[in-house]
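Novice: Could you have a look at this structure, given as structure tokens, before my questions?
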Amino acid sequence: MTALPSGSDQLTSWAERLADRVAPDEVDLAPDLIAAYVEGGSARRELFAGVRADPGAFGAGTALFLPTVLDVIHASYITIKAFIGDPAINTLVASASLGVALRSLRASRPTPTSSNDSLGDQQPSVAARRPDDTGGTEAPSEVVERAATAVVDVRDRLDRTGSDPAATATAAAAMEVVAADPAAAAAFLDRARNAAP
């Protein structure tokens, strides 16, 4: 099994939090799955080899979902980096407010549309809402817009895989994990992008 280099506890913890939100049955596998994914090459390809019968294979006898989520997050590199690159999400209050906005997006479950569309009329109302549990301070509306764009991008990519009937909820939950630890998310995106083909 592939292991992350020492000092990669941040990525391991991030992967476990992501799995907890989008693939709870795979939390125990998350450290190995993210290690294989960021290694790239054959290690990453093995994650998508389909249902395997051999006991040493990842998810032997079952298809895994976390690698698919990691893959769509990686494929959404540009929109997610634009989202997490805003310094406003690094403040505790803005992050809490953004979490509320993302949960609202997840709960709204908009009808899937093309990746060029936003989340429609729901986005401004989410951005304008003043959540009580953030001390009355909102995440800036442009950050919420970038978050919505990232949710749509991830959702559309999940829709194309055909692996997740609840793609909007999964995408919003994944972006909540990204927003909660933007440094770890950025580390994952950069490591995955620079991995061997």
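Naming works like this for the structure tokens: A, B, ... for the chains as they're shown, residue 1 at the start of each chain, ligands 1 onward in shown order.
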As a ChimeraX atom specification, please: the residues near Leu189 (chain A) (cut-off 8 Å, only C-alpha atoms, same-chain neighbours under 4 positions excluded).

Specialist: /A:73-74,77,185,193

Novice: Suppose we keep N, CA, C and O atoms; can you now write the selection as a CSV table (one decimal), in the first residue's frame?

Specialist:
chain,number,residue,atom,x,y,z
A,73,ILE,N,-12.7,16.7,-7.4
A,73,ILE,CA,-12.1,17.9,-6.8
A,73,ILE,C,-10.8,18.2,-7.5
A,73,ILE,O,-10.6,19.4,-7.8
A,74,HIS,N,-10.0,17.3,-7.8
A,74,HIS,CA,-8.8,17.5,-8.6
A,74,HIS,C,-9.1,18.1,-10.0
A,74,HIS,O,-8.4,19.1,-10.4
A,77,TYR,N,-9.8,21.9,-10.2
A,77,TYR,CA,-8.7,22.6,-9.6
A,77,TYR,C,-8.8,24.1,-9.8
A,77,TYR,O,-8.7,24.9,-8.8
A,185,ALA,N,-6.7,21.6,1.6
A,185,ALA,CA,-7.3,21.4,0.3
A,185,ALA,C,-6.3,21.8,-0.8
A,185,ALA,O,-6.1,21.2,-1.8
A,193,ARG,N,-1.9,17.6,-8.7
A,193,ARG,CA,-1.6,18.1,-10.0
A,193,ARG,C,-0.2,17.8,-10.4
A,193,ARG,O,0.1,17.7,-11.6

Novice: Neighbours of Ile34 (chain A) within 8 Å (only C-alpha atoms; same-chain residues fewer than 5 positions away dropped), as JSON, numbers by chain?

Specialist: {"A": [11, 12, 15, 67, 70]}

Novice: Near Gln10 (chain A), counting only C-alpha atoms, which residues have an atom at most 12 Å away, once you skip same-chain residues fewer than 6 positions from it, shown as a list in words?

Specialist: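 The contact residues come out as Leu4, Glu16, Arg17, Pro31, Ile34, Ala35, Asp181, Pro182, Ala183, Ala184, Ala185, Ala186, Ala187 and Phe188 of chain A.
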
Novice: Include C-alpha atoms and write out the residues we just selected as an mmCIF file, in the first residue's frame.

Specialist:
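Below is the file that was written, out08.cif:
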data_model
loop_
_atom_site.group_PDB
_atom_site.id
_atom_site.type_symbol
_atom_site.label_atom_id
_atom_site.label_comp_id
_atom_site.auth_asym_id
_atom_site.auth_seq_id
_atom_site.Cartn_x
_atom_site.Cartn_y
_atom_site.Cartn_z
ATOM 1 C CA LEU A 4 2.123 9.547 2.290
ATOM 2 C CA GLU A 16 -10.567 11.401 6.674
ATOM 3 C CA ARG A 17 -12.825 14.434 7.167
ATOM 4 C CA PRO A 31 -5.214 7.638 4.334
ATOM 5 C CA ILE A 34 -5.360 9.821 -0.715
ATOM 6 C CA ALA A 35 -1.761 8.584 -0.639
ATOM 7 C CA ASP A 181 -9.228 23.632 5.919
ATOM 8 C CA PRO A 182 -8.230 25.542 2.782
ATOM 9 C CA ALA A 183 -4.514 24.934 3.393
ATOM 10 C CA ALA A 184 -4.968 21.158 3.346
ATOM 11 C CA ALA A 185 -7.261 21.380 0.307
ATOM 12 C CA ALA A 186 -4.657 23.466 -1.528
ATOM 13 C CA ALA A 187 -1.943 20.983 -0.558
ATOM 14 C CA PHE A 188 -4.046 18.123 -1.962
#

Novice: Have a look at CA of Val151 (chain A) and CA of Phe48 (chain A) and let me know their distance in Å, one decimal.

Specialist: 22.8 Å

Novice: Could you give me, as an mmCIF file with all heavy atoms, in the first residue's frame, the residues within 12 Å of Ser42 (chain A), counting only C-alpha atoms and dropping anything in the same chain fewer than 5 positions from it?

Specialist:
data_model
loop_
_atom_site.group_PDB
_atom_site.id
_atom_site.type_symbol
_atom_site.label_atom_id
_atom_site.label_comp_id
_atom_site.auth_asym_id
_atom_site.auth_seq_id
_atom_site.Cartn_x
_atom_site.Cartn_y
_atom_site.Cartn_z
ATOM 1 N N THR A 2 0.386 2.249 -0.691
ATOM 2 C CA THR A 2 1.088 3.517 -0.756
ATOM 3 C C THR A 2 0.896 4.276 0.548
ATOM 4 O O THR A 2 -0.163 4.237 1.136
ATOM 5 C CB THR A 2 0.508 4.350 -1.913
ATOM 6 O OG1 THR A 2 0.595 3.578 -3.103
ATOM 7 C CG2 THR A 2 1.251 5.645 -2.094
ATOM 8 N N ALA A 36 -2.406 7.095 -2.444
ATOM 9 C CA ALA A 36 -2.344 6.553 -3.801
ATOM 10 C C ALA A 36 -2.729 7.613 -4.821
ATOM 11 O O ALA A 36 -2.124 7.716 -5.892
ATOM 12 C CB ALA A 36 -3.257 5.334 -3.919
ATOM 13 N N TYR A 37 -3.727 8.413 -4.485
ATOM 14 C CA TYR A 37 -4.186 9.423 -5.435
ATOM 15 C C TYR A 37 -3.108 10.472 -5.683
ATOM 16 O O TYR A 37 -2.815 10.812 -6.830
ATOM 17 C CB TYR A 37 -5.481 10.095 -4.960
ATOM 18 C CG TYR A 37 -6.106 10.862 -6.096
ATOM 19 C CD1 TYR A 37 -7.022 10.245 -6.941
ATOM 20 C CD2 TYR A 37 -5.729 12.162 -6.373
ATOM 21 C CE1 TYR A 37 -7.546 10.919 -8.036
ATOM 22 C CE2 TYR A 37 -6.243 12.843 -7.455
ATOM 23 C CZ TYR A 37 -7.151 12.213 -8.275
ATOM 24 O OH TYR A 37 -7.657 12.884 -9.371
ATOM 25 N N LEU A 47 -6.956 2.809 -8.252
ATOM 26 C CA LEU A 47 -8.148 3.201 -7.503
ATOM 27 C C LEU A 47 -9.405 3.142 -8.358
ATOM 28 O O LEU A 47 -10.511 3.024 -7.841
ATOM 29 C CB LEU A 47 -7.997 4.630 -6.953
ATOM 30 C CG LEU A 47 -6.871 4.871 -5.964
ATOM 31 C CD1 LEU A 47 -6.778 6.347 -5.617
ATOM 32 C CD2 LEU A 47 -7.059 4.031 -4.711
ATOM 33 N N PHE A 48 -9.227 3.230 -9.677
ATOM 34 C CA PHE A 48 -10.363 3.270 -10.601
ATOM 35 C C PHE A 48 -10.457 2.013 -11.458
ATOM 36 O O PHE A 48 -11.154 2.000 -12.465
ATOM 37 C CB PHE A 48 -10.249 4.504 -11.504
ATOM 38 C CG PHE A 48 -10.237 5.779 -10.721
ATOM 39 C CD1 PHE A 48 -9.029 6.388 -10.389
ATOM 40 C CD2 PHE A 48 -11.413 6.352 -10.281
ATOM 41 C CE1 PHE A 48 -9.007 7.557 -9.645
ATOM 42 C CE2 PHE A 48 -11.401 7.514 -9.531
ATOM 43 C CZ PHE A 48 -10.199 8.114 -9.218
ATOM 44 N N ALA A 49 -9.783 0.956 -11.010
ATOM 45 C CA ALA A 49 -9.743 -0.276 -11.795
ATOM 46 C C ALA A 49 -11.052 -1.048 -11.741
ATOM 47 O O ALA A 49 -11.195 -2.065 -12.388
ATOM 48 C CB ALA A 49 -8.593 -1.164 -11.323
ATOM 49 N N ALA A 195 1.562 15.228 -9.533
ATOM 50 C CA ALA A 195 1.881 13.793 -9.448
ATOM 51 C C ALA A 195 2.239 13.245 -10.825
ATOM 52 O O ALA A 195 1.935 13.834 -11.856
ATOM 53 C CB ALA A 195 0.694 13.036 -8.884
ATOM 54 N N ALA A 196 2.827 12.066 -10.781
ATOM 55 C CA ALA A 196 3.174 11.382 -12.026
ATOM 56 C C ALA A 196 1.908 11.072 -12.814
ATOM 57 O O ALA A 196 0.883 10.736 -12.218
ATOM 58 C CB ALA A 196 3.915 10.078 -11.708
ATOM 59 N N PRO A 197 1.959 11.192 -14.147
ATOM 60 C CA PRO A 197 0.769 10.887 -14.949
ATOM 61 C C PRO A 197 0.412 9.417 -14.929
ATOM 62 O O PRO A 197 1.195 8.583 -14.600
ATOM 63 C CB PRO A 197 1.164 11.347 -16.362
ATOM 64 C CG PRO A 197 2.649 11.443 -16.362
ATOM 65 C CD PRO A 197 3.098 11.590 -14.936
#

Novice: Neighbours of region 163-165 of chain A within 10 Å (only C-alpha atoms; same-chain residues fewer than 3 positions away dropped), as a list in words?

Specialist: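 Everything that qualifies: Ala63, Leu64, Phe65, Thr68, Val69, Arg155, Leu158, Asp159, Arg160, Thr168, Ala169 and Thr170 of chain A.
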
Novice: Which residues are near Met175 (chain A)? Cut-off 12 Å, only C-alpha atoms, ignore same chain within fewer than 3 positions. Put them as a ChimeraX atom specification.

Specialist: /A:14,17-18,21-22,69-70,72-73,76,79-81,83-84,89,95,98-103,105-106,144,146-155,168-172,178-182,185

Novice: Residues of region 140-172 of chain A in helix (DSSP H, G or I) according to DSSP, as a compact mmCIF listing (two decimals) with N, CA and C atoms, in the first residue's frame?

Specialist:
# COMPACT_ATOMS: atom_id res chain seq x y z
N SER A 141 -19.89 38.21 -0.19
CA SER A 141 -20.72 37.58 -1.23
C SER A 141 -19.89 37.02 -2.36
N GLU A 142 -18.75 37.66 -2.69
CA GLU A 142 -17.92 37.13 -3.79
C GLU A 142 -17.32 35.78 -3.41
N VAL A 143 -17.05 35.56 -2.11
CA VAL A 143 -16.53 34.26 -1.68
C VAL A 143 -17.63 33.21 -1.79
N VAL A 144 -18.86 33.59 -1.41
CA VAL A 144 -19.98 32.67 -1.54
C VAL A 144 -20.21 32.35 -3.02
N GLU A 145 -20.06 33.34 -3.89
CA GLU A 145 -20.21 33.09 -5.33
C GLU A 145 -19.15 32.11 -5.83
N ARG A 146 -17.91 32.29 -5.36
CA ARG A 146 -16.86 31.35 -5.77
C ARG A 146 -17.14 29.95 -5.22
N ALA A 147 -17.67 29.89 -4.00
CA ALA A 147 -18.04 28.60 -3.43
C ALA A 147 -19.14 27.95 -4.26
N ALA A 148 -20.14 28.73 -4.65
CA ALA A 148 -21.24 28.20 -5.47
C ALA A 148 -20.72 27.70 -6.81
N THR A 149 -19.79 28.44 -7.40
CA THR A 149 -19.20 28.01 -8.67
C THR A 149 -18.47 26.69 -8.50
N ALA A 150 -17.73 26.55 -7.39
CA ALA A 150 -17.02 25.30 -7.13
C ALA A 150 -18.00 24.15 -6.91
N VAL A 151 -19.09 24.42 -6.18
CA VAL A 151 -20.10 23.38 -5.96
C VAL A 151 -20.67 22.93 -7.29
N VAL A 152 -21.02 23.87 -8.16
CA VAL A 152 -21.60 23.53 -9.47
C VAL A 152 -20.61 22.72 -10.29
N ASP A 153 -19.34 23.13 -10.30
CA ASP A 153 -18.33 22.42 -11.08
C ASP A 153 -18.17 20.98 -10.58
N VAL A 154 -18.04 20.83 -9.26
CA VAL A 154 -17.89 19.48 -8.70
C VAL A 154 -19.15 18.66 -8.94
N ARG A 155 -20.32 19.28 -8.73
CA ARG A 155 -21.58 18.57 -8.96
C ARG A 155 -21.71 18.08 -10.40
N ASP A 156 -21.39 18.95 -11.36
CA ASP A 156 -21.52 18.56 -12.76
C ASP A 156 -20.57 17.42 -13.11
N ARG A 157 -19.37 17.47 -12.56
CA ARG A 157 -18.41 16.39 -12.82
C ARG A 157 -18.88 15.08 -12.18
N LEU A 158 -19.45 15.17 -10.98
CA LEU A 158 -20.02 13.97 -10.36
C LEU A 158 -21.18 13.43 -11.18
N ASP A 159 -22.04 14.32 -11.68
CA ASP A 159 -23.15 13.89 -12.52
C ASP A 159 -22.64 13.10 -13.73
N ARG A 160 -21.54 13.57 -14.32
CA ARG A 160 -21.01 12.89 -15.50
C ARG A 160 -20.47 11.50 -15.18
N THR A 161 -20.05 11.27 -13.93
CA THR A 161 -19.56 9.93 -13.58
C THR A 161 -20.72 8.96 -13.42
N ALA A 167 -25.57 14.23 -6.17
CA ALA A 167 -24.34 14.94 -6.52
C ALA A 167 -24.28 16.35 -5.93
N THR A 168 -25.40 17.05 -5.89
CA THR A 168 -25.38 18.42 -5.35
C THR A 168 -25.03 18.39 -3.87
N ALA A 169 -25.67 17.51 -3.12
CA ALA A 169 -25.39 17.41 -1.68
C ALA A 169 -23.95 17.00 -1.44
N THR A 170 -23.45 16.06 -2.23
CA THR A 170 -22.07 15.61 -2.08
C THR A 170 -21.10 16.74 -2.39
N ALA A 171 -21.36 17.47 -3.48
CA ALA A 171 -20.47 18.57 -3.87
C ALA A 171 -20.44 19.65 -2.81
N ALA A 172 -21.59 20.02 -2.27
CA ALA A 172 -21.63 21.06 -1.23
C ALA A 172 -20.94 20.58 0.04

Novice: In Å, how far is it from CA of Arg191 (chain A) to CA of Glu39 (chain A)?

Specialist: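 Separation of CA of Arg191 (chain A) and CA of Glu39 (chain A): 8.0 Å.
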
Novice: Tell me, in Å to one decimal, how far CA of Ser13 (chain A) is from CA of Glu176 (chain A).

Specialist: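 Separation between CA of Ser13 (chain A) and CA of Glu176 (chain A): 14.6 Å.
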